[in-house]
Structures are given as structure tokens and as C-alpha cells.
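*Asks:* Sending over run.cif (mmCIF, C-alpha atoms).
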```
data_run
loop_
_atom_site.label_atom_id
_atom_site.label_comp_id
_atom_site.auth_asym_id
_atom_site.auth_seq_id
_atom_site.Cartn_x
_atom_site.Cartn_y
_atom_site.Cartn_z
CA MET A 1 40.20 -40.31 57.32
CA SER A 2 37.14 -38.11 57.21
CA GLN A 3 36.48 -35.70 54.36
CA ALA A 4 37.03 -32.66 56.62
CA THR A 5 40.39 -33.97 57.82
CA LYS A 6 41.47 -34.74 54.26
CA ARG A 7 40.46 -31.24 53.12
CA LYS A 8 42.38 -29.69 56.03
CA HIS A 9 45.59 -31.53 55.12
CA VAL A 10 45.31 -30.77 51.39
CA VAL A 11 44.68 -27.06 51.98
CA LYS A 12 47.54 -26.90 54.49
CA GLU A 13 49.86 -28.55 51.94
CA VAL A 14 48.89 -26.14 49.14
CA LEU A 15 49.02 -22.96 51.21
CA GLY A 16 51.96 -23.85 53.42
CA GLU A 17 54.99 -25.04 51.52
CA HIS A 18 56.85 -23.25 48.74
CA MET A 19 57.69 -25.61 45.93
CA VAL A 20 60.36 -25.25 43.26
CA PRO A 21 59.71 -27.17 40.01
CA SER A 22 62.13 -29.98 39.21
CA ASP A 23 63.75 -30.51 35.80
CA GLN A 24 60.80 -32.58 34.53
CA GLN A 25 58.09 -30.30 35.95
CA GLN A 26 57.01 -27.05 34.39
CA ILE A 27 55.00 -23.97 35.32
CA VAL A 28 51.83 -23.42 33.28
CA ARG A 29 48.93 -20.96 33.24
CA VAL A 30 45.28 -22.11 33.20
CA LEU A 31 43.34 -20.94 30.13
CA ARG A 32 40.00 -22.67 30.67
CA THR A 33 38.35 -25.62 32.39
CA PRO A 34 36.41 -27.82 29.93
CA GLY A 35 35.18 -30.16 32.69
CA ASN A 36 35.75 -33.68 34.06
CA ASN A 37 38.62 -32.39 36.23
CA LEU A 38 40.56 -31.33 33.12
CA HIS A 39 42.13 -27.91 32.59
CA GLU A 40 43.50 -26.42 29.39
CA VAL A 41 46.86 -24.81 30.11
CA GLU A 42 49.56 -22.90 28.27
CA THR A 43 53.30 -23.19 28.83
CA ALA A 44 55.74 -20.28 28.78
CA GLN A 45 56.64 -21.29 25.20
CA GLY A 46 52.99 -21.00 24.10
CA GLN A 47 52.23 -24.72 23.85
CA ARG A 48 48.63 -25.60 24.82
CA PHE A 49 47.42 -28.95 26.17
CA LEU A 50 45.13 -30.52 28.79
CA VAL A 51 46.14 -31.45 32.33
CA SER A 52 44.26 -33.67 34.78
CA MET A 53 43.56 -32.89 38.41
CA PRO A 54 44.55 -35.63 40.86
CA SER A 55 41.83 -37.00 43.12
CA LYS A 56 43.33 -35.43 46.28
CA TYR A 57 42.59 -31.92 44.92
CA ARG A 58 39.09 -32.66 43.62
CA LYS A 59 36.34 -30.89 45.60
CA ASN A 60 39.03 -29.44 47.89
CA ILE A 61 41.00 -26.95 45.79
CA TRP A 62 39.40 -24.69 43.18
CA ILE A 63 41.34 -23.68 40.08
CA LYS A 64 40.17 -20.79 37.93
CA ARG A 65 41.26 -19.19 34.67
CA GLY A 66 44.54 -17.31 35.04
CA ASP A 67 45.90 -19.41 37.92
CA PHE A 68 49.39 -20.90 37.73
CA LEU A 69 50.21 -24.58 38.28
CA ILE A 70 53.21 -26.88 38.45
CA VAL A 71 52.57 -29.99 36.35
CA ASP A 72 54.25 -33.39 35.87
CA PRO A 73 54.33 -34.77 32.30
CA ILE A 74 52.45 -37.98 31.42
CA GLU A 75 53.97 -40.11 28.65
CA GLU A 76 50.90 -42.13 27.64
CA GLY A 77 48.55 -39.19 27.06
CA GLU A 78 47.54 -37.90 23.61
CA LYS A 79 45.33 -35.00 24.64
CA VAL A 80 46.02 -35.01 28.38
CA LYS A 81 49.78 -34.54 28.57
CA ALA A 82 50.35 -33.73 32.25
CA GLU A 83 48.97 -34.01 35.78
CA ILE A 84 48.76 -31.18 38.31
CA SER A 85 51.31 -31.61 41.07
CA PHE A 86 51.00 -28.21 42.80
CA VAL A 87 48.69 -25.18 42.67
CA LEU A 88 50.57 -21.88 42.97
CA CYS A 89 49.06 -19.01 44.95
CA LYS A 90 50.30 -15.40 44.68
CA ASP A 91 52.80 -15.88 47.55
CA HIS A 92 54.33 -18.86 45.74
CA VAL A 93 54.57 -16.81 42.52
CA ARG A 94 56.37 -13.99 44.33
CA SER A 95 58.89 -16.37 45.93
CA LEU A 96 59.55 -18.10 42.58
CA GLN A 97 60.11 -14.69 40.94
CA LYS A 98 62.48 -13.69 43.75
CA ASP A 99 64.44 -16.96 43.43
CA GLY A 100 64.68 -16.63 39.63
CA HIS A 101 62.68 -19.79 38.83
CA TRP A 102 59.78 -17.91 37.21
CA PRO A 103 59.52 -18.00 33.36
CA GLU A 104 60.01 -14.60 31.70
CA ALA A 105 56.96 -15.15 29.48
CA PHE A 106 54.71 -15.22 32.56
CA SER A 107 56.23 -12.20 34.33
CA GLN A 108 53.87 -9.65 32.79
CA VAL A 109 50.87 -11.98 33.13
CA ALA A 110 51.56 -12.48 36.84
CA GLU A 111 51.85 -8.71 37.40
CA LYS A 112 48.51 -8.09 35.65
CA HIS A 113 46.91 -10.87 37.69
CA ASN A 114 48.20 -9.36 40.96
CA ASN A 115 47.15 -5.84 39.97
CA ARG A 116 43.66 -7.02 39.04
CA ASN A 117 43.30 -8.54 42.51
CA ARG A 118 44.40 -5.24 44.08
CA GLN A 119 41.94 -3.00 42.27
CA THR A 120 41.45 0.20 44.16
CA GLN A 121 38.81 2.82 43.86
CA PRO A 122 39.91 5.56 41.46
CA GLU A 123 40.92 8.79 43.07
CA LEU A 124 38.46 11.62 42.88
CA PRO A 125 39.79 14.71 41.14
CA ALA A 126 40.64 17.69 43.30
CA GLU A 127 38.03 20.42 43.50
CA PRO A 128 38.55 23.05 40.82
CA GLN A 129 39.53 26.54 41.90
CA SER A 130 36.50 28.78 41.74
CA SER A 131 37.26 32.15 40.22
CA GLY A 132 34.26 33.98 41.63
CA GLU A 133 31.82 32.13 39.36
CA GLU A 134 29.72 29.31 40.71
CA SER A 135 30.12 26.14 38.68
CA SER A 136 27.01 24.89 36.97
CA SER A 137 25.08 22.28 38.92
CA GLU A 138 24.36 20.59 35.56
CA ASP A 139 28.02 19.63 35.08
CA ASP A 140 28.46 16.17 36.65
CA SER A 141 31.67 15.24 34.84
CA ASP A 142 33.78 15.32 38.01
CA LEU A 143 31.55 12.86 39.92
CA PHE A 144 32.60 9.27 40.55
CA VAL A 145 31.11 6.87 38.00
CA ASN A 146 30.07 3.45 39.26
CA THR A 147 31.19 1.00 36.55
CA ASN A 148 29.07 -1.78 38.05
CA ARG A 149 25.85 -0.09 36.95
CA ARG A 150 24.50 0.39 33.46
CA GLN A 151 24.82 3.98 32.31
CA TYR A 152 21.70 5.63 30.89
CA HIS A 153 22.07 8.77 28.83
CA GLU A 154 19.04 11.01 28.55
CA SER A 155 18.96 13.52 25.73
CA GLU A 156 17.36 16.97 25.86
CA GLU A 157 14.87 16.07 23.12
CA GLU A 158 13.39 13.18 25.10
CA SER A 159 12.84 15.29 28.19
CA GLU A 160 11.14 18.06 26.17
CA GLU A 161 8.76 15.51 24.58
CA GLU A 162 7.83 14.14 28.02
CA GLU A 163 7.08 17.64 29.36
CA ALA A 164 4.85 18.49 26.36
CA ALA A 165 2.74 15.34 26.78
#
```
Write the structure described by the file as C-alpha cells, please.
*Replies:*
Amino acid sequence: MSQATKRKHVVKEVLGEHMVPSDQQQIVRVLRTPGNNLHEVETAQGQRFLVSMPSKYRKNIWIKRGDFLIVDPIEEGEKVKAEISFVLCKDHVRSLQKDGHWPEAFSQVAEKHNNRNRQTQPELPAEPQSSGEESSSEDDSDLFVNTNRRQYHESEEESEEEEAA
């Protein structure tokens, strides 16, 4: 099987089916990825440990901090205590919440994660009612502020020194 065909089947499996964890499996949240196909995860009870990524997911599925996984426990591991069996996307999380299989400890985390993905541009304030007076063109407080750019604040003293020079 070629690499492209393998990738197609793995992606179709992850995105297509909705999986419910069995009694032995558990839902965990990814905290960080230290490397070598290992991921540090946290359970709903707050227990932290490492999980390994099976070879079928390597270089095909990307897992980032904050994602949710279904893992199978490994008995022989000291540090690595489980193996990833399924990667949950936001549609899977919603269906698990609807079915009542989602841990209560992760409910707020999942909502924050979904809201962060749906960030919208803040609404601009309505124009103030002018009472005959023209508003000062110096007042820029009602303008949209781009948070992706560094904000520079220029004081009056600096501009006076530049004009005198």
C-alpha cells in the first residue's frame, strides 16, 4: 500500500466514525508533546502520564496541545502508561457530550477550546450621539485595536522635543 493510500484510509477512519470509549479506555486531554511520538496527557481525575502514538498515525495525523484522545492502557509501562487508540475532533466531542459519555471535568475545557476556534472580530461600538459639538479628532478610543500588532504609545513630551530639535 502506498503512503498516500495509507494516509487516505487513516484520515478517513479518524474523521468518519464516532467512537465511544469502552470500559478500559479513557478520554484524556493533551498537555504537551515532549517528542519521539510521545504526548503528555491528563485524565479527567487530574492524573498525568505519557501516551505513545501508534505507527499508523505517525506522519499522518497531527496532535496539538489541548486536543482530546481516547487511549488504551498499557500494563508494562512505567512512564508510558497508554497508547492512543482514537483522536477526537470537535464533532466527536459534541456527539460524546450529547450521548452523556463526556467527563464532567472536561466540559468547561471543551467549551473554551471550541470558543477559541470560533473567535470573531469584536463588535465596533455604535457611533455616539452628537449634541451639536463635533467630537475631537484626537480621541481615537472608539477605533478598533488590532491585537496582532505591537502598540506604541507616544507621549506629548517626546513630540515636543522632536519639534524643538
*Asks:* Which residues, named as in the file, does the PyMOL selection byres ((chain A and resi 32-43) around 9) pick out? Answer as a count of residues only.
*Replies:* 28
*Asks:* Please expand the PyMOL selection byres ((chain A and resi 86) around 6) into the concrete residues it hits in this file, giving the result as an MDAnalysis selection string.
*Replies:* chainID A and resid 69:70 84:85 87
*Asks:* May I have the residues from that selection written out with C-alpha atoms, as a CSV table (one decimal), in the frame of the given file?
*Replies:*
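Printed below is result22.csv as written:
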```
chain,number,residue,atom,x,y,z
A,69,LEU,CA,50.2,-24.6,38.3
A,70,ILE,CA,53.2,-26.9,38.4
A,84,ILE,CA,48.8,-31.2,38.3
A,85,SER,CA,51.3,-31.6,41.1
A,87,VAL,CA,48.7,-25.2,42.7
```
*Asks:* Restricting the calculation to all atoms listed in the file: of A:Lys59, A:Gly100, A:Gln24, A:His92, which residue gets closest to Asp72 in chain A?
*Replies:*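 For Asp72 in chain A, the nearest of the given residues is A:Gln24.
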*Asks:* By how many Å are CA of Lys56 in chain A and CA of Lys98 in chain A apart?
*Replies:*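 Distance between the two atoms: 29.1 Å.
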*Asks:* For Leu96 in chain A, find every residue with an atom within 9 Å (counting only C-alpha atoms), except residues of its own chain fewer than 6 positions away, and show them as a tab-separated table (two decimals) with C-alpha atoms, keeping the file's coordinate frame.
*Replies:*
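Writing done, so here's result.tsv:
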```
chain	number	residue	atom	x	y	z
A	18	HIS	CA	56.85	-23.25	48.74
A	19	MET	CA	57.69	-25.61	45.93
A	20	VAL	CA	60.36	-25.25	43.26
A	102	TRP	CA	59.78	-17.91	37.21
```
